[in-house]
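Chemist: If it helps, the file is called final.pdb and holds PDB, C-alpha atoms:
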```
ATOM      1  CA  MET U  28     -27.385   1.280 -15.986
ATOM      2  CA  LYS U  29     -26.839  -0.044 -19.496
ATOM      3  CA  TYR U  30     -23.159   0.549 -19.759
ATOM      4  CA  VAL U  31     -19.902  -0.498 -18.203
ATOM      5  CA  SER U  32     -18.957   2.086 -15.571
ATOM      6  CA  LEU U  33     -15.576   3.672 -14.943
ATOM      7  CA  VAL U  34     -13.658   4.430 -11.763
ATOM      8  CA  LEU U  35     -10.752   6.848 -12.117
ATOM      9  CA  ILE U  36      -8.034   6.872  -9.458
ATOM     10  CA  SER U  37      -5.299   9.438  -9.122
ATOM     11  CA  HIS U  38      -2.954  10.715  -6.427
ATOM     12  CA  SER U  39      -4.405  14.119  -7.254
ATOM     13  CA  GLU U  40      -8.074  14.950  -6.818
ATOM     14  CA  GLU U  41      -7.840  17.629  -9.493
ATOM     15  CA  ILE U  42      -6.526  15.192 -12.087
ATOM     16  CA  VAL U  43      -9.490  12.828 -11.849
ATOM     17  CA  ASN U  44     -12.066  15.590 -11.409
ATOM     18  CA  GLY U  45     -10.745  17.248 -14.538
ATOM     19  CA  LEU U  46     -10.599  13.984 -16.417
ATOM     20  CA  LYS U  47     -14.171  13.146 -15.453
ATOM     21  CA  LYS U  48     -15.295  16.517 -16.780
ATOM     22  CA  LEU U  49     -13.518  15.839 -20.053
ATOM     23  CA  LEU U  50     -15.074  12.389 -20.387
ATOM     24  CA  ASN U  51     -18.573  13.583 -19.491
ATOM     25  CA  GLN U  52     -18.343  15.969 -22.395
ATOM     26  CA  VAL U  53     -17.463  13.135 -24.764
ATOM     27  CA  GLN U  54     -19.836  10.550 -23.340
ATOM     28  CA  PRO U  55     -22.402  11.769 -20.797
ATOM     29  CA  ASP U  56     -24.238   8.419 -20.531
ATOM     30  CA  VAL U  57     -21.438   6.395 -18.941
ATOM     31  CA  ASN U  58     -21.273   6.459 -15.159
ATOM     32  CA  ILE U  59     -17.927   7.656 -13.900
ATOM     33  CA  ALA U  60     -16.782   7.795 -10.292
ATOM     34  CA  VAL U  61     -13.516   9.279  -9.089
ATOM     35  CA  ALA U  62     -11.211   8.595  -6.166
ATOM     36  CA  GLY U  63      -8.516  11.243  -6.077
ATOM     37  CA  GLY U  64      -6.105  12.181  -3.338
ATOM     38  CA  ASN U  65      -6.135  11.247   0.315
ATOM     39  CA  ASP U  66      -7.859  13.575   2.788
ATOM     40  CA  GLY U  67      -7.317  16.505   0.458
ATOM     41  CA  GLU U  68      -3.637  15.714   0.058
ATOM     42  CA  ILE U  69      -1.679  13.883  -2.607
ATOM     43  CA  GLY U  70      -2.151  10.144  -2.234
ATOM     44  CA  THR U  71      -4.691   7.402  -2.718
ATOM     45  CA  ASN U  72      -7.101   5.804  -0.287
ATOM     46  CA  ALA U  73      -8.504   2.265  -0.468
ATOM     47  CA  PHE U  74     -11.732   3.159   1.364
ATOM     48  CA  ARG U  75     -12.417   5.993  -0.995
ATOM     49  CA  ILE U  76     -11.772   3.758  -3.977
ATOM     50  CA  LYS U  77     -14.146   1.166  -2.523
ATOM     51  CA  GLU U  78     -16.883   3.795  -2.199
ATOM     52  CA  ALA U  79     -16.279   4.966  -5.755
ATOM     53  CA  ILE U  80     -16.641   1.403  -7.081
ATOM     54  CA  GLU U  81     -19.838   0.862  -5.091
ATOM     55  CA  SER U  82     -21.321   4.127  -6.320
ATOM     56  CA  VAL U  83     -21.221   3.068  -9.990
ATOM     57  CA  PHE U  84     -21.343  -0.716  -9.688
ATOM     58  CA  SER U  85     -23.748  -2.643 -11.907
ATOM     59  CA  GLU U  86     -23.866  -6.095 -13.436
ATOM     60  CA  ASN U  87     -22.403  -4.577 -16.597
ATOM     61  CA  GLY U  88     -19.183  -4.200 -14.700
ATOM     62  CA  VAL U  89     -16.674  -1.575 -13.646
ATOM     63  CA  VAL U  90     -13.332  -0.704 -15.216
ATOM     64  CA  ILE U  91     -10.760   0.912 -12.952
ATOM     65  CA  LEU U  92      -8.032   3.148 -14.340
ATOM     66  CA  PHE U  93      -5.242   4.562 -12.187
ATOM     67  CA  ASP U  94      -2.202   6.809 -12.442
ATOM     68  CA  LEU U  95       0.807   5.521 -10.473
ATOM     69  CA  GLY U  96       2.035   2.532  -8.461
ATOM     70  CA  SER U  97       0.455   2.812  -5.040
ATOM     71  CA  ALA U  98      -2.921   3.558  -6.625
ATOM     72  CA  LEU U  99      -2.828  -0.013  -7.914
ATOM     73  CA  MET U 100      -2.146  -1.418  -4.448
ATOM     74  CA  ASN U 101      -5.036   0.543  -2.985
ATOM     75  CA  ALA U 102      -7.325  -0.458  -5.860
ATOM     76  CA  GLU U 103      -6.548  -4.130  -5.256
ATOM     77  CA  LEU U 104      -7.097  -3.661  -1.535
ATOM     78  CA  ALA U 105     -10.427  -1.918  -2.214
ATOM     79  CA  ILE U 106     -11.603  -4.777  -4.408
ATOM     80  CA  GLU U 107     -10.643  -7.308  -1.719
ATOM     81  CA  MET U 108     -12.801  -5.405   0.769
ATOM     82  CA  LEU U 109     -15.866  -5.680  -1.497
ATOM     83  CA  GLU U 110     -18.208  -8.638  -1.352
ATOM     84  CA  LYS U 111     -18.795  -8.902  -5.083
ATOM     85  CA  THR U 112     -15.596  -8.732  -7.047
ATOM     86  CA  ASP U 113     -16.154 -10.654 -10.281
ATOM     87  CA  ARG U 114     -17.379  -7.758 -12.450
ATOM     88  CA  ILE U 115     -14.553  -5.381 -11.560
ATOM     89  CA  ALA U 116     -11.429  -5.101 -13.699
ATOM     90  CA  ILE U 117      -8.297  -3.001 -13.322
ATOM     91  CA  ALA U 118      -7.045  -1.812 -16.696
ATOM     92  CA  ASP U 119      -3.334  -1.688 -17.439
ATOM     93  CA  ALA U 120      -3.515   1.561 -19.353
ATOM     94  CA  PRO U 121      -2.373   5.182 -19.211
ATOM     95  CA  LEU U 122      -4.969   7.114 -17.244
ATOM     96  CA  VAL U 123      -6.020   9.882 -19.612
ATOM     97  CA  GLU U 124      -5.876   8.097 -22.961
ATOM     98  CA  GLY U 125      -7.114   4.830 -21.473
ATOM     99  CA  ALA U 126     -10.077   6.464 -19.772
ATOM    100  CA  TYR U 127     -10.970   8.308 -22.953
ATOM    101  CA  ILE U 128     -11.075   5.084 -24.950
ATOM    102  CA  ALA U 129     -12.911   3.298 -22.127
ATOM    103  CA  ALA U 130     -15.606   5.982 -22.016
ATOM    104  CA  VAL U 131     -16.114   5.827 -25.771
ATOM    105  CA  GLU U 132     -16.224   2.018 -25.887
ATOM    106  CA  ALA U 133     -18.460   1.734 -22.827
ATOM    107  CA  GLY U 134     -20.819   4.253 -24.432
ATOM    108  CA  LEU U 135     -21.055   1.999 -27.485
ATOM    109  CA  GLY U 136     -22.475  -0.696 -25.217
ATOM    110  CA  LYS U 137     -19.372  -2.904 -25.255
ATOM    111  CA  SER U 138     -18.851  -5.625 -22.642
ATOM    112  CA  LEU U 139     -16.523  -5.319 -19.679
ATOM    113  CA  ASP U 140     -13.842  -7.448 -21.364
ATOM    114  CA  GLU U 141     -14.108  -5.471 -24.587
ATOM    115  CA  VAL U 142     -13.775  -2.151 -22.787
ATOM    116  CA  VAL U 143     -10.736  -3.366 -20.852
ATOM    117  CA  ARG U 144      -9.050  -4.710 -23.983
ATOM    118  CA  ALA U 145      -9.771  -1.538 -25.922
ATOM    119  CA  CYS U 146      -8.430   0.848 -23.304
ATOM    120  CA  GLU U 147      -5.306  -1.259 -22.783
ATOM    121  CA  GLN U 148      -4.545  -0.635 -26.460
ATOM    122  CA  ALA U 149      -3.890   2.960 -25.428
ATOM    123  CA  LYS U 150      -0.403   1.839 -24.394
ATOM    124  CA  GLN U 151       0.501   1.252 -28.037
ATOM    125  CA  MET U 152      -1.170   4.367 -29.334
ATOM    126  CA  VAL U 153       1.052   6.573 -31.468
ATOM    127  CA  LYS U 154       0.518  10.181 -30.438
ATOM    128  CA  VAL U 155       3.160  11.828 -32.574
ATOM    129  CA  ALA U 156       3.933  10.272 -35.925
ATOM    130  CA  ARG U 157       7.659  10.680 -36.586
ATOM    131  CA  SER U 158       9.226  10.301 -39.984
ATOM    132  CA  GLU U 159      11.936   7.643 -40.527
ATOM    133  CA  ALA U 160      14.671  10.275 -40.653
ATOM    134  CA  GLU U 161      14.149  11.450 -37.059
TER     135      GLU U 161
ATOM    136  CA  MET O  29       7.770 -14.531  26.157
ATOM    137  CA  ALA O  30       4.268 -13.177  26.631
ATOM    138  CA  PHE O  31       2.842 -11.209  23.778
ATOM    139  CA  GLY O  32      -0.663 -10.060  24.612
ATOM    140  CA  VAL O  33      -2.770  -6.989  23.896
ATOM    141  CA  GLU O  34      -0.729  -4.849  26.332
ATOM    142  CA  GLN O  35       2.598  -5.805  24.712
ATOM    143  CA  ALA O  36       1.187  -5.268  21.244
ATOM    144  CA  LYS O  37      -0.113  -1.829  22.218
ATOM    145  CA  ARG O  38       3.275  -0.971  23.695
ATOM    146  CA  TRP O  39       4.971  -2.109  20.490
ATOM    147  CA  ILE O  40       2.849   0.194  18.364
ATOM    148  CA  SER O  41       3.170   3.075  20.795
ATOM    149  CA  ILE O  42       6.981   2.828  20.814
ATOM    150  CA  ALA O  43       6.967   2.472  17.027
ATOM    151  CA  ASN O  44       4.940   5.669  16.836
ATOM    152  CA  ASP O  45       7.443   7.476  19.098
ATOM    153  CA  HIS O  46      10.276   6.443  16.785
ATOM    154  CA  ILE O  47       8.349   7.435  13.675
ATOM    155  CA  GLN O  48       7.448  10.863  15.100
ATOM    156  CA  GLN O  49      11.108  11.430  16.051
ATOM    157  CA  GLN O  50      12.350  10.234  12.671
ATOM    158  CA  LYS O  51       9.653  11.908  10.590
ATOM    159  CA  GLN O  52      12.054  14.361   9.006
ATOM    160  CA  TYR O  53      14.659  11.667   8.375
ATOM    161  CA  LEU O  54      12.126   9.369   6.666
ATOM    162  CA  THR O  55      10.925  12.254   4.552
ATOM    163  CA  GLU O  56      14.487  13.124   3.529
ATOM    164  CA  LEU O  57      15.135   9.520   2.484
ATOM    165  CA  ASP O  58      11.967   9.618   0.396
ATOM    166  CA  GLN O  59      12.795  13.011  -1.099
ATOM    167  CA  ALA O  60      16.030  11.525  -2.407
ATOM    168  CA  ILE O  61      14.448   8.672  -4.357
ATOM    169  CA  GLY O  62      10.659   8.852  -4.005
ATOM    170  CA  ASP O  63       7.922  11.426  -3.684
ATOM    171  CA  GLY O  64       8.963  12.752  -0.302
ATOM    172  CA  ASP O  65       5.870  11.891   1.689
ATOM    173  CA  HIS O  66       6.951   8.819   3.655
ATOM    174  CA  GLY O  67       7.747  10.563   6.941
ATOM    175  CA  LEU O  68       4.599  12.659   6.929
ATOM    176  CA  ASN O  69       2.382   9.757   5.909
ATOM    177  CA  MET O  70       3.786   7.379   8.510
ATOM    178  CA  ALA O  71       3.693  10.019  11.235
ATOM    179  CA  ARG O  72       0.072  10.870  10.488
ATOM    180  CA  GLY O  73      -0.977   7.220  10.208
ATOM    181  CA  PHE O  74       0.702   5.943  13.358
ATOM    182  CA  GLN O  75      -0.430   8.929  15.408
ATOM    183  CA  GLU O  76      -4.019   8.091  14.421
ATOM    184  CA  VAL O  77      -3.427   4.437  15.259
ATOM    185  CA  VAL O  78      -2.086   5.211  18.728
ATOM    186  CA  GLU O  79      -5.020   7.509  19.492
ATOM    187  CA  LYS O  80      -7.471   4.924  18.205
ATOM    188  CA  ILE O  81      -6.133   1.968  20.188
ATOM    189  CA  ALA O  82      -5.235   3.834  23.394
ATOM    190  CA  SER O  83      -8.795   4.255  24.581
ATOM    191  CA  ALA O  84     -10.238   1.002  23.229
ATOM    192  CA  ASN O  85     -10.363  -2.352  24.993
ATOM    193  CA  TYR O  86      -9.493  -5.405  22.986
ATOM    194  CA  GLU O  87     -10.537  -8.953  23.769
ATOM    195  CA  ASP O  88      -7.907 -10.449  21.513
ATOM    196  CA  LEU O  89      -4.871  -9.608  19.418
ATOM    197  CA  GLY O  90      -6.835 -10.114  16.210
ATOM    198  CA  SER O  91      -9.230  -7.231  16.860
ATOM    199  CA  LEU O  92      -6.387  -4.936  17.947
ATOM    200  CA  PHE O  93      -4.397  -5.596  14.780
ATOM    201  CA  LYS O  94      -7.544  -5.213  12.675
ATOM    202  CA  ASP O  95      -8.039  -1.682  14.046
ATOM    203  CA  ILE O  96      -4.381  -0.870  13.445
ATOM    204  CA  SER O  97      -4.676  -2.124   9.869
ATOM    205  CA  MET O  98      -7.873  -0.258   9.020
ATOM    206  CA  THR O  99      -6.536   2.998  10.461
ATOM    207  CA  LEU O 100      -3.319   2.747   8.464
ATOM    208  CA  ILE O 101      -5.237   1.970   5.273
ATOM    209  CA  ALA O 102      -7.536   4.950   5.859
ATOM    210  CA  LYS O 103      -4.939   7.482   6.954
ATOM    211  CA  VAL O 104      -1.504   6.790   5.522
ATOM    212  CA  GLY O 105      -1.881   7.277   1.766
ATOM    213  CA  GLY O 106       1.136   6.593  -0.425
ATOM    214  CA  ALA O 107       2.474   3.083  -0.836
ATOM    215  CA  SER O 108       3.057   2.505   2.864
ATOM    216  CA  GLY O 109      -0.691   2.642   3.639
ATOM    217  CA  PRO O 110      -1.726  -0.444   1.682
ATOM    218  CA  LEU O 111       1.565  -2.217   2.470
ATOM    219  CA  TYR O 112       1.604  -1.795   6.256
ATOM    220  CA  GLY O 113      -2.205  -1.987   6.274
ATOM    221  CA  THR O 114      -2.027  -5.376   4.582
ATOM    222  CA  ALA O 115       0.776  -6.525   6.896
ATOM    223  CA  PHE O 116      -1.272  -5.784  10.029
ATOM    224  CA  LEU O 117      -4.432  -7.191   8.429
ATOM    225  CA  LYS O 118      -2.644 -10.505   7.859
ATOM    226  CA  MET O 119      -1.400 -10.419  11.457
ATOM    227  CA  SER O 120      -4.950  -9.817  12.671
ATOM    228  CA  LEU O 121      -6.173 -12.869  10.758
ATOM    229  CA  ALA O 122      -3.313 -15.000  12.068
ATOM    230  CA  LEU O 123      -3.966 -13.905  15.664
ATOM    231  CA  ALA O 124      -7.783 -13.891  15.594
ATOM    232  CA  GLY O 125      -9.278 -14.999  18.895
ATOM    233  CA  LYS O 126      -5.921 -15.118  20.668
ATOM    234  CA  LYS O 127      -5.472 -13.199  23.920
ATOM    235  CA  GLU O 128      -1.780 -14.019  23.883
ATOM    236  CA  ALA O 129       0.596 -15.325  21.268
ATOM    237  CA  ASP O 130       3.538 -17.579  22.049
ATOM    238  CA  ASP O 131       6.764 -17.232  20.071
ATOM    239  CA  LYS O 132       5.681 -19.656  17.401
ATOM    240  CA  GLU O 133       2.348 -17.911  16.909
ATOM    241  CA  LEU O 134       3.915 -14.452  16.749
ATOM    242  CA  ILE O 135       6.479 -15.652  14.224
ATOM    243  CA  ALA O 136       3.687 -17.194  12.141
ATOM    244  CA  ALA O 137       1.772 -13.901  12.285
ATOM    245  CA  LEU O 138       4.835 -11.884  11.207
ATOM    246  CA  GLU O 139       5.399 -14.433   8.455
ATOM    247  CA  ALA O 140       1.816 -13.853   7.260
ATOM    248  CA  ALA O 141       2.503 -10.108   7.352
ATOM    249  CA  LEU O 142       5.552 -10.557   5.125
ATOM    250  CA  ASP O 143       3.574 -12.713   2.681
ATOM    251  CA  GLY O 144       0.937  -9.970   2.602
ATOM    252  CA  ILE O 145       3.524  -7.257   1.907
ATOM    253  CA  LYS O 146       5.089  -9.299  -0.895
ATOM    254  CA  ALA O 147       1.733 -10.077  -2.499
ATOM    255  CA  ARG O 148       0.505  -6.484  -2.247
ATOM    256  CA  GLY O 149       3.699  -4.898  -3.541
ATOM    257  CA  LYS O 150       4.624  -7.781  -5.853
ATOM    258  CA  ALA O 151       8.148  -7.337  -4.542
ATOM    259  CA  ASN O 152      10.943  -9.748  -3.741
ATOM    260  CA  VAL O 153      14.306  -9.497  -2.011
ATOM    261  CA  GLY O 154      16.877  -7.335  -3.791
ATOM    262  CA  GLU O 155      14.450  -4.783  -5.220
ATOM    263  CA  LYS O 156      15.202  -2.082  -2.640
ATOM    264  CA  THR O 157      11.974  -2.251  -0.656
ATOM    265  CA  MET O 158      10.858  -3.071   2.875
ATOM    266  CA  VAL O 159      10.995  -6.750   1.835
ATOM    267  CA  ASP O 160      14.796  -6.431   2.032
ATOM    268  CA  VAL O 161      14.384  -5.962   5.783
ATOM    269  CA  TRP O 162      11.408  -8.248   6.438
ATOM    270  CA  GLU O 163      12.534 -11.325   4.537
ATOM    271  CA  PRO O 164      15.945 -11.831   6.210
ATOM    272  CA  ILE O 165      14.389 -11.156   9.623
ATOM    273  CA  MET O 166      11.765 -13.796   9.067
ATOM    274  CA  GLU O 167      14.419 -16.230   7.875
ATOM    275  CA  PHE O 168      16.342 -15.530  11.082
ATOM    276  CA  LEU O 169      13.306 -15.911  13.380
ATOM    277  CA  ARG O 170      12.121 -19.034  11.565
ATOM    278  CA  GLU O 171      15.516 -20.589  12.028
ATOM    279  CA  LYS O 172      15.720 -19.627  15.718
ATOM    280  CA  GLY O 173      12.137 -20.672  16.397
ATOM    281  CA  SER O 174      11.839 -17.993  19.075
ATOM    282  CA  ILE O 175      11.364 -14.229  19.096
ATOM    283  CA  GLN O 176      14.913 -12.986  19.520
ATOM    284  CA  ALA O 177      13.787  -9.444  19.056
ATOM    285  CA  LYS O 178      17.031  -7.683  19.936
ATOM    286  CA  GLU O 179      19.066  -9.662  17.410
ATOM    287  CA  ALA O 180      16.284  -9.238  14.884
ATOM    288  CA  ALA O 181      16.396  -5.462  15.349
ATOM    289  CA  LEU O 182      20.173  -5.434  14.822
ATOM    290  CA  LEU O 183      19.733  -7.494  11.687
ATOM    291  CA  ALA O 184      16.999  -5.114  10.517
ATOM    292  CA  LYS O 185      19.381  -2.182  10.868
ATOM    293  CA  GLU O 186      22.072  -3.962   8.879
ATOM    294  CA  LYS O 187      19.599  -4.951   6.146
ATOM    295  CA  MET O 188      18.174  -1.433   6.005
ATOM    296  CA  GLU O 189      21.671  -0.049   5.443
ATOM    297  CA  HIS O 190      22.259  -2.682   2.782
ATOM    298  CA  THR O 191      19.398  -1.255   0.682
ATOM    299  CA  LYS O 192      21.779   1.640  -0.037
ATOM    300  CA  ASP O 193      23.693  -0.601  -2.430
ATOM    301  CA  LEU O 194      20.626  -1.787  -4.294
ATOM    302  CA  GLU O 195      19.012  -0.431  -7.423
ATOM    303  CA  ALA O 196      15.292   0.218  -6.989
ATOM    304  CA  LYS O 197      12.968  -2.005  -8.988
ATOM    305  CA  LYS O 198       9.649  -1.042  -7.396
ATOM    306  CA  GLY O 199       7.708   2.088  -6.655
ATOM    307  CA  ARG O 200       8.548   5.669  -7.502
ATOM    308  CA  ALA O 201      12.268   5.052  -6.915
ATOM    309  CA  ALA O 202      12.366   2.611  -9.845
ATOM    310  CA  TYR O 203      11.947   5.569 -12.216
ATOM    311  CA  LEU O 204      15.429   6.665 -11.126
ATOM    312  CA  GLY O 205      17.071   3.374 -12.105
ATOM    313  CA  LYS O 206      20.775   3.349 -11.183
ATOM    314  CA  ARG O 207      20.530   6.814  -9.643
ATOM    315  CA  SER O 208      18.616   5.185  -6.770
ATOM    316  CA  ILE O 209      21.865   3.493  -5.679
ATOM    317  CA  GLY O 210      23.528   5.155  -2.684
ATOM    318  CA  HIS O 211      20.304   5.931  -0.840
ATOM    319  CA  ILE O 212      18.562   3.952   1.901
ATOM    320  CA  ASP O 213      15.061   2.823   0.957
ATOM    321  CA  PRO O 214      12.530   4.736   3.113
ATOM    322  CA  GLY O 215      10.248   1.716   3.536
ATOM    323  CA  SER O 216      13.130  -0.373   4.790
ATOM    324  CA  ALA O 217      13.945   2.414   7.270
ATOM    325  CA  SER O 218      10.411   2.524   8.683
ATOM    326  CA  SER O 219      10.383  -1.281   8.830
ATOM    327  CA  TYR O 220      13.594  -1.168  10.847
ATOM    328  CA  LEU O 221      11.894   1.239  13.274
ATOM    329  CA  LEU O 222       9.034  -1.260  13.679
ATOM    330  CA  PHE O 223      11.415  -4.104  14.548
ATOM    331  CA  ALA O 224      13.468  -1.887  16.854
ATOM    332  CA  ALA O 225      10.235  -0.950  18.637
ATOM    333  CA  LEU O 226       9.236  -4.613  18.953
ATOM    334  CA  ALA O 227      12.550  -5.359  20.668
ATOM    335  CA  GLU O 228      12.049  -2.480  23.103
ATOM    336  CA  ALA O 229       8.452  -3.446  23.817
ATOM    337  CA  LEU O 230       9.400  -7.011  24.655
ATOM    338  CA  GLU O 231      12.365  -6.004  26.812
ATOM    339  CA  GLY O 232      10.437  -3.910  29.287
TER     340      GLY O 232
END
```
Render the structure in this file as structure tokens.

Modeler:
Amino acid sequence: MKYVSLVLISHSEEIVNGLKKLLNQVQPDVNIAVAGGNDGEIGTNAFRIKEAIESVFSENGVVILFDLGSALMNAELAIEMLEKTDRIAIADAPLVEGAYIAAVEAGLGKSLDEVVRACEQAKQMVKVARSEAE
Amino acid sequence: MAFGVEQAKRWISIANDHIQQQKQYLTELDQAIGDGDHGLNMARGFQEVVEKIASANYEDLGSLFKDISMTLIAKVGGASGPLYGTAFLKMSLALAGKKEADDKELIAALEAALDGIKARGKANVGEKTMVDVWEPIMEFLREKGSIQAKEAALLAKEKMEHTKDLEAKKGRAAYLGKRSIGHIDPGSASSYLLFAALAEALEG
């Protein structure tokens, strides 16, 4: 694996499956694993997140993106359960936009730190340019 | 006070009874200010825990609490899975190799559980979370130096009710801001049930 890998976590399985599909279309060379839902229901699961990380782990590193609060707690718990934890980073970024940027940057061969920094910029991204008058 | 594997199993079993009975209530609390899954998640998780530990033999408290922790992490989902899972994981580390815990050791283990909850949820007192029940109880037990479980359970109830007055700063309820005031925090309610169950388990 040449590139930084991504792990996408959501309370909904459909959200991350759909997002992965979208990202694969943009950048098919980056490895992406998903951990969505909990036993087919809405929720997140630390064991499932751990498996997702392991499935795409390489020395290039893994960036984790998540949707809401408890996903973060389970991601942190999953990382603590792993033996090697130094090449895994949780990005503080909106899931869809952040993952999109991460996939593009990872596909350009950027380092783990660069991918994390780039996708965290998604928080400042202007999606609708409003004129001064509004 | 003797707190061995049998007492610990009884604690969790009674806690499960309370959670099953209060499933609807916990869900209603969570529907008011969260995502409405707390009762279901806790009921599913603790039912699994009770089934898992009922048939197994445990040499020490550490291995029992480890199983409880792993089952909650695997089955609960929502915020309460990693929070209670971490709490019991910290207890299992604190009680590793111990067949029985004396008061001081059990207090130290509960203290470790609270530290785990705070670190995992990055929450402090006053933010309308389970910490608003756990922290004052641990202050009380630390001060007493013995497991006064009945008094602790009464205090837990009072502190749970006090979360009504607080504005949520953590979790899904924080999105509501001031509108979260006037509702009991679901995590503080399930934490109260845990401490009430501990008091009952140690009485009998």

Chemist: List as a PyMOL selection string the protein and nucleic acid residues near segment 60-77 of chain O, meaning an atom at most 10 Å away when only C-alpha atoms are counted, but skip any in the same chain fewer than 6 places from it.

Modeler: (chain U and resi 69-70) or (chain O and resi 37+40-41+43-54+95-109+112+196+199-205+207-215+218)

Chemist: Specify as a VMD selection string each residue included when the PyMOL selection byres ((chain U) within 8 of (chain O)) is applied to this file.

Modeler: chain U and resid 65 to 66 69 to 74 96 to 98 100 to 101 104

Chemist: For Gly173 of chain O, list every protein, DNA or RNA residue within 12 Å, evaluated using only C-alpha atoms, and leave out those in the same chain fewer than 5 positions away; present the list as JSON, numbers by chain.

Modeler: {"O": [130, 131, 132, 133, 134, 135, 136, 165, 166, 167, 168]}

Chemist: Kindly indicate which residue among U:Val34, U:Ala133, U:Ile91, U:Ala120 lies nearest to Val57 of chain U, using only C-alpha atoms for the distances.

Modeler: U:Ala133

Chemist: Going by the chain IDs and residue numbers used in this file, which residues fall under the PyMOL selection byres ((chain O and resi 127) around 12)? Write them as JSON, numbers by chain.

Modeler: {"O": [30, 31, 32, 33, 34, 35, 36, 85, 86, 87, 88, 89, 90, 91, 92, 93, 120, 123, 124, 125, 126, 128, 129, 130, 133, 134]}

Chemist: Kindly give the distance, in Å, that separates atom CA of Lys48 of chain U and atom CA of Lys29 of chain U, rounded to a single decimal.

Modeler: 20.4 Å

Chemist: Scan for residues within 12 Å of the point (-16.6, 6.5, -3.0) in the coordinates of the file, using only C-alpha atoms, and reply as an MDAnalysis selection string.

Modeler: chainID U and resid 34:36 59:65 71:84 102 105

Chemist: So how far away is atom CA of Gln59 of chain O from atom CA of Ile42 of chain O, in Å?

Modeler: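 Result for atom CA of Ile42 of chain O versus atom CA of Gln59 of chain O: 24.9 Å, one decimal.
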
Chemist: If the PyMOL selection byres ((chain O and resi 183) around 9) is run on the structure shown, which residues does it catch, given as a list in words?

Modeler: Val161, Pro164, Ile165, Phe168, Lys178, Glu179, Ala180, Ala181, Leu182, Ala184, Lys185, Glu186, Lys187, Met188 and Tyr220 of chain O

Chemist: Take the residues just selected and output them with C-alpha atoms as a PDB file, keeping the file's coordinate frame.

Modeler:
```pdb
ATOM      1  CA  VAL O 161      14.384  -5.962   5.783  1.00  0.00           C
ATOM      2  CA  PRO O 164      15.945 -11.831   6.210  1.00  0.00           C
ATOM      3  CA  ILE O 165      14.389 -11.156   9.623  1.00  0.00           C
ATOM      4  CA  PHE O 168      16.342 -15.530  11.082  1.00  0.00           C
ATOM      5  CA  LYS O 178      17.031  -7.683  19.936  1.00  0.00           C
ATOM      6  CA  GLU O 179      19.066  -9.662  17.410  1.00  0.00           C
ATOM      7  CA  ALA O 180      16.284  -9.238  14.884  1.00  0.00           C
ATOM      8  CA  ALA O 181      16.396  -5.462  15.349  1.00  0.00           C
ATOM      9  CA  LEU O 182      20.173  -5.434  14.822  1.00  0.00           C
ATOM     10  CA  ALA O 184      16.999  -5.114  10.517  1.00  0.00           C
ATOM     11  CA  LYS O 185      19.381  -2.182  10.868  1.00  0.00           C
ATOM     12  CA  GLU O 186      22.072  -3.962   8.879  1.00  0.00           C
ATOM     13  CA  LYS O 187      19.599  -4.951   6.146  1.00  0.00           C
ATOM     14  CA  MET O 188      18.174  -1.433   6.005  1.00  0.00           C
ATOM     15  CA  TYR O 220      13.594  -1.168  10.847  1.00  0.00           C
TER      16      TYR O 220
END
```

Chemist: For the atom pair atom CA of Val131 of chain U and atom CA of Leu99 of chain U, what is the interatomic distance in Å to one decimal place?

Modeler: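 Separation of atom CA of Val131 of chain U and atom CA of Leu99 of chain U: 23.0 Å.
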
Chemist: Could you check which of O:Ala217, O:Leu222, O:Asp193, O:Gln176 is closest to Met29 of chain O, using only C-alpha atoms?

Modeler: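 Selected residue with least distance to Met29 of chain O: O:Gln176.
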
Chemist: Can you tell me which residues surround Asp140 of chain U at a distance of at most 12 Å, considering only C-alpha atoms, apart from same-chain residues fewer than 2 positions away, and format the answer as a short mmCIF file (atom, residue, chain, number, x, y, z; two decimals) with C-alpha atoms, in the coordinates of the input?

Modeler:
```
data_model
loop_
_atom_site.label_atom_id
_atom_site.label_comp_id
_atom_site.auth_asym_id
_atom_site.auth_seq_id
_atom_site.Cartn_x
_atom_site.Cartn_y
_atom_site.Cartn_z
CA VAL U 31 -19.90 -0.50 -18.20
CA ASN U 87 -22.40 -4.58 -16.60
CA GLY U 88 -19.18 -4.20 -14.70
CA VAL U 89 -16.67 -1.58 -13.65
CA VAL U 90 -13.33 -0.70 -15.22
CA ASP U 113 -16.15 -10.65 -10.28
CA ARG U 114 -17.38 -7.76 -12.45
CA ILE U 115 -14.55 -5.38 -11.56
CA ALA U 116 -11.43 -5.10 -13.70
CA ILE U 117 -8.30 -3.00 -13.32
CA ALA U 118 -7.04 -1.81 -16.70
CA ALA U 129 -12.91 3.30 -22.13
CA GLU U 132 -16.22 2.02 -25.89
CA ALA U 133 -18.46 1.73 -22.83
CA GLY U 136 -22.48 -0.70 -25.22
CA LYS U 137 -19.37 -2.90 -25.26
CA SER U 138 -18.85 -5.62 -22.64
CA VAL U 142 -13.78 -2.15 -22.79
CA VAL U 143 -10.74 -3.37 -20.85
CA ARG U 144 -9.05 -4.71 -23.98
CA ALA U 145 -9.77 -1.54 -25.92
CA CYS U 146 -8.43 0.85 -23.30
CA GLU U 147 -5.31 -1.26 -22.78
#
```

Chemist: Rank nothing, just name the residue among U:Leu92, U:Leu109, U:Val153, U:Leu139 nearest to Val43 of chain U, using only C-alpha atoms.

Modeler: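 With only C-alpha atoms as the atom set, the closest residue is U:Leu92.
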